[in-house]
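*Asks:* To be precise about what I am sending: the file is called input_32.txt and holds compact mmCIF, C-alpha atoms and all ligand atoms.
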```txt
# COMPACT_ATOMS: atom_id res chain seq x y z
CA MET L 1 39.46 70.95 -82.16
CA ARG L 2 41.83 70.89 -85.11
CA ARG L 3 45.11 72.71 -85.03
CA PRO L 4 45.32 75.83 -87.23
CA ARG L 5 47.27 75.32 -90.44
CA GLY L 6 50.66 76.97 -90.80
CA ASP L 7 51.80 79.22 -93.62
CA ILE L 8 55.15 79.70 -95.32
CA ILE L 9 56.47 82.30 -92.88
CA GLY L 10 56.16 80.02 -89.89
CA TYR L 11 53.06 81.51 -88.43
CA VAL L 12 49.62 80.03 -88.06
CA ALA L 13 46.24 81.66 -88.48
CA ARG L 14 43.66 80.68 -85.92
CA GLU L 15 40.67 79.44 -87.83
CA ASP L 16 38.47 79.08 -84.78
CA VAL L 17 38.15 82.76 -83.95
CA GLY L 18 35.98 83.91 -86.86
CA GLN L 19 36.28 87.62 -87.51
CA ASN L 20 38.95 87.90 -84.86
CA ARG L 21 41.33 85.72 -86.85
CA ARG L 22 44.91 86.71 -86.20
CA LYS L 23 48.44 85.54 -86.72
CA GLU L 24 50.38 83.94 -83.92
CA PRO L 25 53.64 82.06 -83.54
CA ARG L 26 53.85 78.43 -84.56
CA ASP L 27 53.06 76.68 -81.34
CA VAL L 28 55.66 74.18 -80.17
CA PRO L 29 57.02 73.43 -76.69
CA VAL L 30 60.30 75.29 -76.23
CA THR L 31 61.26 73.77 -72.90
CA PRO L 32 65.05 74.26 -73.32
CA PHE L 33 64.55 78.03 -73.43
CA HIS L 34 63.22 77.93 -69.86
CA GLY L 35 66.47 76.37 -68.74
CA GLY L 36 68.24 79.69 -69.26
CA VAL L 37 66.49 81.21 -66.27
CA GLY L 38 67.30 78.11 -64.25
CA LEU L 39 70.99 78.29 -65.12
CA LEU L 40 71.12 81.96 -64.19
CA THR L 41 69.44 81.24 -60.86
CA LYS L 42 71.77 78.30 -60.21
CA GLY L 43 74.81 80.42 -60.98
CA TRP L 44 73.54 83.10 -58.64
CA LEU L 45 72.36 80.98 -55.71
CA GLY L 46 74.57 77.89 -55.98
CA ARG L 47 73.75 75.35 -53.28
CA ARG L 48 70.57 77.15 -52.36
CA PHE L 49 68.92 76.12 -55.66
CA SER L 50 68.55 72.84 -57.52
CA PHE L 51 68.84 73.23 -61.29
CA ILE L 52 67.80 69.64 -61.90
CA SER L 53 64.65 70.04 -59.83
CA PHE L 54 63.84 73.26 -61.69
CA CYS L 55 64.31 71.58 -65.08
CA ALA L 56 62.01 68.78 -64.01
CA THR L 57 59.22 71.29 -63.32
CA GLN L 58 59.62 72.75 -66.81
CA VAL L 59 59.49 69.36 -68.49
CA VAL L 60 56.44 68.27 -66.51
CA ILE L 61 54.54 71.45 -67.42
CA ASP L 62 55.40 71.11 -71.11
CA CYS L 63 54.31 67.48 -71.19
CA GLU L 64 50.84 69.02 -71.37
CA SER L 65 51.47 71.17 -74.47
CA GLY L 66 53.45 68.36 -76.06
CA TYR L 67 50.57 65.95 -75.51
CA TYR L 68 47.96 68.21 -77.10
CA LEU L 69 50.35 69.17 -79.89
CA LEU L 70 50.82 65.52 -80.78
CA ARG L 71 47.07 65.02 -80.72
CA ASP L 72 46.57 68.14 -82.81
CA GLU L 73 44.07 69.52 -80.30
CA TRP L 74 43.85 73.25 -79.74
CA PRO L 75 44.42 74.83 -77.24
CA PHE L 76 47.79 73.27 -76.52
CA HIS L 77 48.23 75.12 -73.22
CA ARG L 78 45.65 74.16 -70.64
CA PHE L 79 45.55 73.55 -66.86
CA LEU L 80 49.28 73.13 -66.27
CA HIS L 81 49.86 76.45 -68.02
CA THR L 82 47.70 78.35 -65.54
CA LEU L 83 49.11 79.81 -62.32
CA LEU L 84 47.09 77.28 -60.35
CA GLY L 85 48.03 74.27 -62.43
CA ALA L 86 51.71 75.20 -62.69
CA ALA L 87 51.85 75.75 -58.93
CA VAL L 88 50.41 72.29 -58.33
CA ALA L 89 52.84 70.68 -60.80
CA CYS L 90 55.88 72.52 -59.45
CA THR L 91 54.94 71.74 -55.85
CA VAL L 92 54.63 68.02 -56.58
CA VAL L 93 57.95 67.96 -58.46
CA ALA L 94 59.73 70.02 -55.79
CA LEU L 95 58.47 67.71 -53.04
CA VAL L 96 59.61 64.62 -54.95
CA PHE L 97 63.07 66.10 -55.41
CA ARG L 98 63.18 67.27 -51.81
CA PHE L 99 62.46 63.73 -50.69
CA ALA L 100 65.16 62.42 -53.03
CA GLY L 101 67.55 65.12 -51.92
CA THR L 102 67.24 64.21 -48.24
CA ALA L 103 68.91 60.90 -49.08
CA LEU L 104 72.03 62.80 -50.06
CA ASP L 105 74.17 64.57 -47.49
CA PRO L 106 75.28 67.93 -48.94
CA GLN L 107 78.04 68.21 -46.35
CA VAL L 108 79.87 65.11 -47.53
CA SER L 109 83.14 65.97 -49.21
CA ILE L 110 82.99 64.86 -52.83
CA PRO L 111 85.46 65.11 -55.69
CA SER L 112 85.06 67.59 -58.50
CA SER L 113 83.28 65.83 -61.35
CA LEU L 114 80.03 65.93 -63.26
CA ARG L 115 78.67 63.19 -61.02
CA ALA L 116 79.62 65.17 -57.93
CA CYS L 117 77.93 68.30 -59.34
CA ILE L 118 74.73 66.38 -60.03
CA ARG L 119 74.83 64.88 -56.54
CA ALA L 120 75.35 68.26 -54.92
CA ASP L 121 72.55 69.80 -56.99
CA LEU L 122 70.12 67.07 -55.99
CA ALA L 123 71.15 67.44 -52.36
CA ALA L 124 70.36 71.15 -52.62
CA ALA L 125 66.76 70.24 -53.44
CA ALA L 126 66.32 68.97 -49.88
CA THR L 127 66.24 72.39 -48.22
CA GLY L 128 63.06 74.32 -47.55
CA GLN L 129 64.50 77.34 -49.31
CA ALA L 130 65.20 75.33 -52.46
CA LEU L 131 61.68 73.93 -52.30
CA ILE L 132 60.15 77.41 -52.36
CA LEU L 133 62.56 78.62 -55.04
CA THR L 134 61.75 75.64 -57.24
CA ILE L 135 58.01 76.22 -56.94
CA VAL L 136 58.07 79.99 -57.42
CA GLY L 137 60.85 79.93 -60.01
CA GLY L 138 59.32 77.02 -61.86
CA VAL L 139 55.95 78.72 -62.16
CA LEU L 140 57.17 82.19 -63.13
CA ALA L 141 60.04 81.14 -65.39
CA HIS L 142 57.67 78.96 -67.36
CA LEU L 143 54.43 80.89 -67.48
CA ILE L 144 55.74 84.38 -68.17
CA PRO L 145 57.63 83.48 -71.37
CA ASP L 146 54.87 81.12 -72.49
CA ALA L 147 52.17 83.74 -71.88
CA ILE L 148 54.13 86.29 -73.90
CA MET L 149 54.54 83.81 -76.75
CA HIS L 150 51.28 81.87 -76.82
CA SER L 151 47.80 83.38 -76.97
CA ASP L 152 46.15 80.25 -75.56
CA VAL L 153 47.90 80.49 -72.18
CA ARG L 154 45.30 81.44 -69.58
CA LEU L 155 47.28 82.49 -66.53
CA PHE L 156 44.33 83.18 -64.29
CA ALA L 157 41.97 80.38 -65.28
CA PRO L 158 39.43 79.42 -64.04
CA LEU L 159 38.88 83.00 -62.86
CA SER L 160 39.66 84.59 -66.22
CA ASP L 161 40.56 83.58 -69.77
CA ALA L 162 42.57 86.76 -70.32
CA ASN L 163 46.25 86.70 -71.25
CA PRO L 164 47.51 90.24 -70.58
CA LEU L 165 51.13 89.26 -71.35
CA TYR L 166 50.56 88.00 -74.89
CA GLY L 167 52.75 89.92 -77.33
CA LEU L 168 54.14 92.15 -74.59
CA VAL L 169 57.70 91.59 -75.82
CA PRO L 170 58.84 90.79 -79.39
CA LEU L 171 59.57 87.09 -79.74
CA ALA L 172 63.15 87.65 -80.85
CA ALA L 173 63.82 89.76 -77.76
CA LEU L 174 62.21 87.12 -75.56
CA HIS L 175 64.24 84.28 -77.03
CA TRP L 176 67.53 86.16 -76.99
CA SER L 177 67.01 87.26 -73.40
CA LEU L 178 66.46 83.63 -72.37
CA ILE L 179 69.55 82.55 -74.32
CA LEU L 180 71.57 85.35 -72.73
CA ALA L 181 70.37 84.26 -69.28
CA GLY L 182 71.55 80.75 -70.10
CA VAL L 183 74.97 81.93 -71.25
CA VAL L 184 75.52 84.14 -68.21
CA GLY L 185 74.23 81.40 -65.94
CA THR L 186 76.58 78.86 -67.48
CA VAL L 187 79.54 81.17 -66.91
CA LEU L 188 78.53 81.62 -63.26
CA VAL L 189 77.99 77.90 -62.74
CA VAL L 190 81.39 77.04 -64.24
CA ARG L 191 83.01 79.68 -62.05
CA ASN L 192 81.34 78.20 -58.98
CA ILE L 193 82.51 74.71 -59.92
CA ARG L 194 86.08 75.91 -60.31
CA ARG L 195 85.93 77.65 -56.95
CA THR L 196 84.21 75.02 -54.87
CA GLY L 197 84.35 71.81 -56.91
CA GLU L 198 80.59 71.70 -57.27
CA ALA L 199 77.79 73.67 -58.88
ZN ZN T 1 55.07 75.58 -71.71
```
Any chance you could put this one into structure tokens?

*Replies:*
Amino acid sequence: MRRPRGDIIGYVAREDVGQNRRKEPRDVPVTPFHGGVGLLTKGWLGRRFSFISFCATQVVIDCESGYYLLRDEWPFHRFLHTLLGAAVACTVVALVFRFAGTALDPQVSIPSSLRACIRADLAAAATGQALILTIVGGVLAHLIPDAIMHSDVRLFAPLSDANPLYGLVPLAALHWSLILAGVVGTVLVVRNIRRTGEA
């Protein structure tokens, strides 16, 4: 199915919905926006949460929309943008990072540096708590903003094609809230690094 054509104000009209044609946001993956929630969670939970593992879940999920966007095939958001699909993707990613994290001992004293922060963050992925947080956080932090922004997200598929969150919050408010989460999270992470020498 061909992608709807855009107009000069940055919105696209769906041409495949007949009389129900409507305007919706230009559909592109905005993976970096999801990182704001991850930063905020990292700043809040520190060693109990792996930011890198979380980011990996967001990238994996948006590989789907990026793939269909490149192929110009609507809908761009399919299985991985359902609760079921995102849960599967996040679980696989979290398990991979947990396995990788077990190779790193979080108790080893390490110097304060970017490399040490990355090492400590990966080591955090090894805990059961981080595993659950990555799965739950990865699913919700990705699907809620995407469902608000994109009409083709089907949270409850295959049970339902409905998207009750679409348009629930103005896009500007959604984007600025994610940016604000990222700024606050960054401040918290930097504070944690200064206190403990690691994120
Ligand atoms: Zn997405």

*Asks:* Enumerate residues in contact with ligand ZN 1 (chain T): an atom-to-atom distance of at most 9 Å, counting only C-alpha atoms and all ligand atoms. Format the result as a PDB file with C-alpha atoms, in the frame of the given file.

*Replies:*
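What follows is the written file out23.pdb:
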```
ATOM      1  CA  VAL L  28      55.660  74.180 -80.170  1.00  0.00           C
ATOM      2  CA  PRO L  29      57.020  73.430 -76.690  1.00  0.00           C
ATOM      3  CA  VAL L  30      60.300  75.290 -76.230  1.00  0.00           C
ATOM      4  CA  THR L  31      61.260  73.770 -72.900  1.00  0.00           C
ATOM      5  CA  HIS L  34      63.220  77.930 -69.860  1.00  0.00           C
ATOM      6  CA  GLN L  58      59.620  72.750 -66.810  1.00  0.00           C
ATOM      7  CA  VAL L  59      59.490  69.360 -68.490  1.00  0.00           C
ATOM      8  CA  ILE L  61      54.540  71.450 -67.420  1.00  0.00           C
ATOM      9  CA  ASP L  62      55.400  71.110 -71.110  1.00  0.00           C
ATOM     10  CA  CYS L  63      54.310  67.480 -71.190  1.00  0.00           C
ATOM     11  CA  GLU L  64      50.840  69.020 -71.370  1.00  0.00           C
ATOM     12  CA  SER L  65      51.470  71.170 -74.470  1.00  0.00           C
ATOM     13  CA  GLY L  66      53.450  68.360 -76.060  1.00  0.00           C
ATOM     14  CA  HIS L  77      48.230  75.120 -73.220  1.00  0.00           C
ATOM     15  CA  LEU L  80      49.280  73.130 -66.270  1.00  0.00           C
ATOM     16  CA  HIS L  81      49.860  76.450 -68.020  1.00  0.00           C
ATOM     17  CA  HIS L 142      57.670  78.960 -67.360  1.00  0.00           C
ATOM     18  CA  LEU L 143      54.430  80.890 -67.480  1.00  0.00           C
ATOM     19  CA  PRO L 145      57.630  83.480 -71.370  1.00  0.00           C
ATOM     20  CA  ASP L 146      54.870  81.120 -72.490  1.00  0.00           C
ATOM     21  CA  ALA L 147      52.170  83.740 -71.880  1.00  0.00           C
ATOM     22  CA  HIS L 150      51.280  81.870 -76.820  1.00  0.00           C
ATOM     23  CA  VAL L 153      47.900  80.490 -72.180  1.00  0.00           C
TER      24      VAL L 153
END
```

*Asks:* In Å, with one decimal, what is the gap from atom CA of Phe51 of chain L to atom CA of Ile144 of chain L?

*Replies:*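 Taking atom CA of Phe51 of chain L and atom CA of Ile144 of chain L, their separation equals 18.5 Å.
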
*Asks:* Compile the contact shell of segment 86-90 of chain L as a list in words: residues with an atom at most 9 Å away, counting only C-alpha atoms, same-chain residues fewer than 2 positions apart removed.

*Replies:* Phe54, Ala56, Thr57, Gln58, Val60, Ile61, Phe79, Leu80, His81, Thr82, Leu83, Leu84, Val92, Val93, Ala94, Leu95, Thr134, Ile135, Val136, Gly137, Gly138, Val139, Leu140, His142 and Leu143 of chain L

*Asks:* Taking all atoms of segment 87-94 of chain L that the file lists and extending 5 Å past them on each side, where is the centre of the axis-aligned box and how long are its edges? Answer in Å to one decimal, as JSON.

*Replies:*
```
{"center_x": 55.1, "center_y": 71.9, "center_z": -58.3, "size_x": 19.3, "size_y": 17.8, "size_z": 15.0}
```

*Asks:* Could you tell me which of L:Ala141, L:Leu70, L:Ala120, L:Ala126 comes closest to Cys55 of chain L if we count only C-alpha atoms?

*Replies:*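 Smallest separation from Cys55 of chain L among the options: L:Ala141.
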
*Asks:* Find the residues around Leu174 of chain L up to 10 Å (only C-alpha atoms counted), leave out those fewer than 2 positions away in its own chain, and share them as an MDAnalysis selection string.

*Replies:* chainID L and resid 33 145:146 148:149 168:172 176:180

*Asks:* Tell me, in Å to one decimal, how far atom CA of Gly46 of chain L is from atom CA of Ile118 of chain L.

*Replies:*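 Spanning atom CA of Gly46 of chain L to atom CA of Ile118 of chain L is a straight-line distance of 12.2 Å.
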
*Asks:* Do you have the atom CA of Phe76 of chain L-atom CA of Ala157 of chain L distance handy?

*Replies:*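 Between these atoms lies a distance of 14.5 Å.
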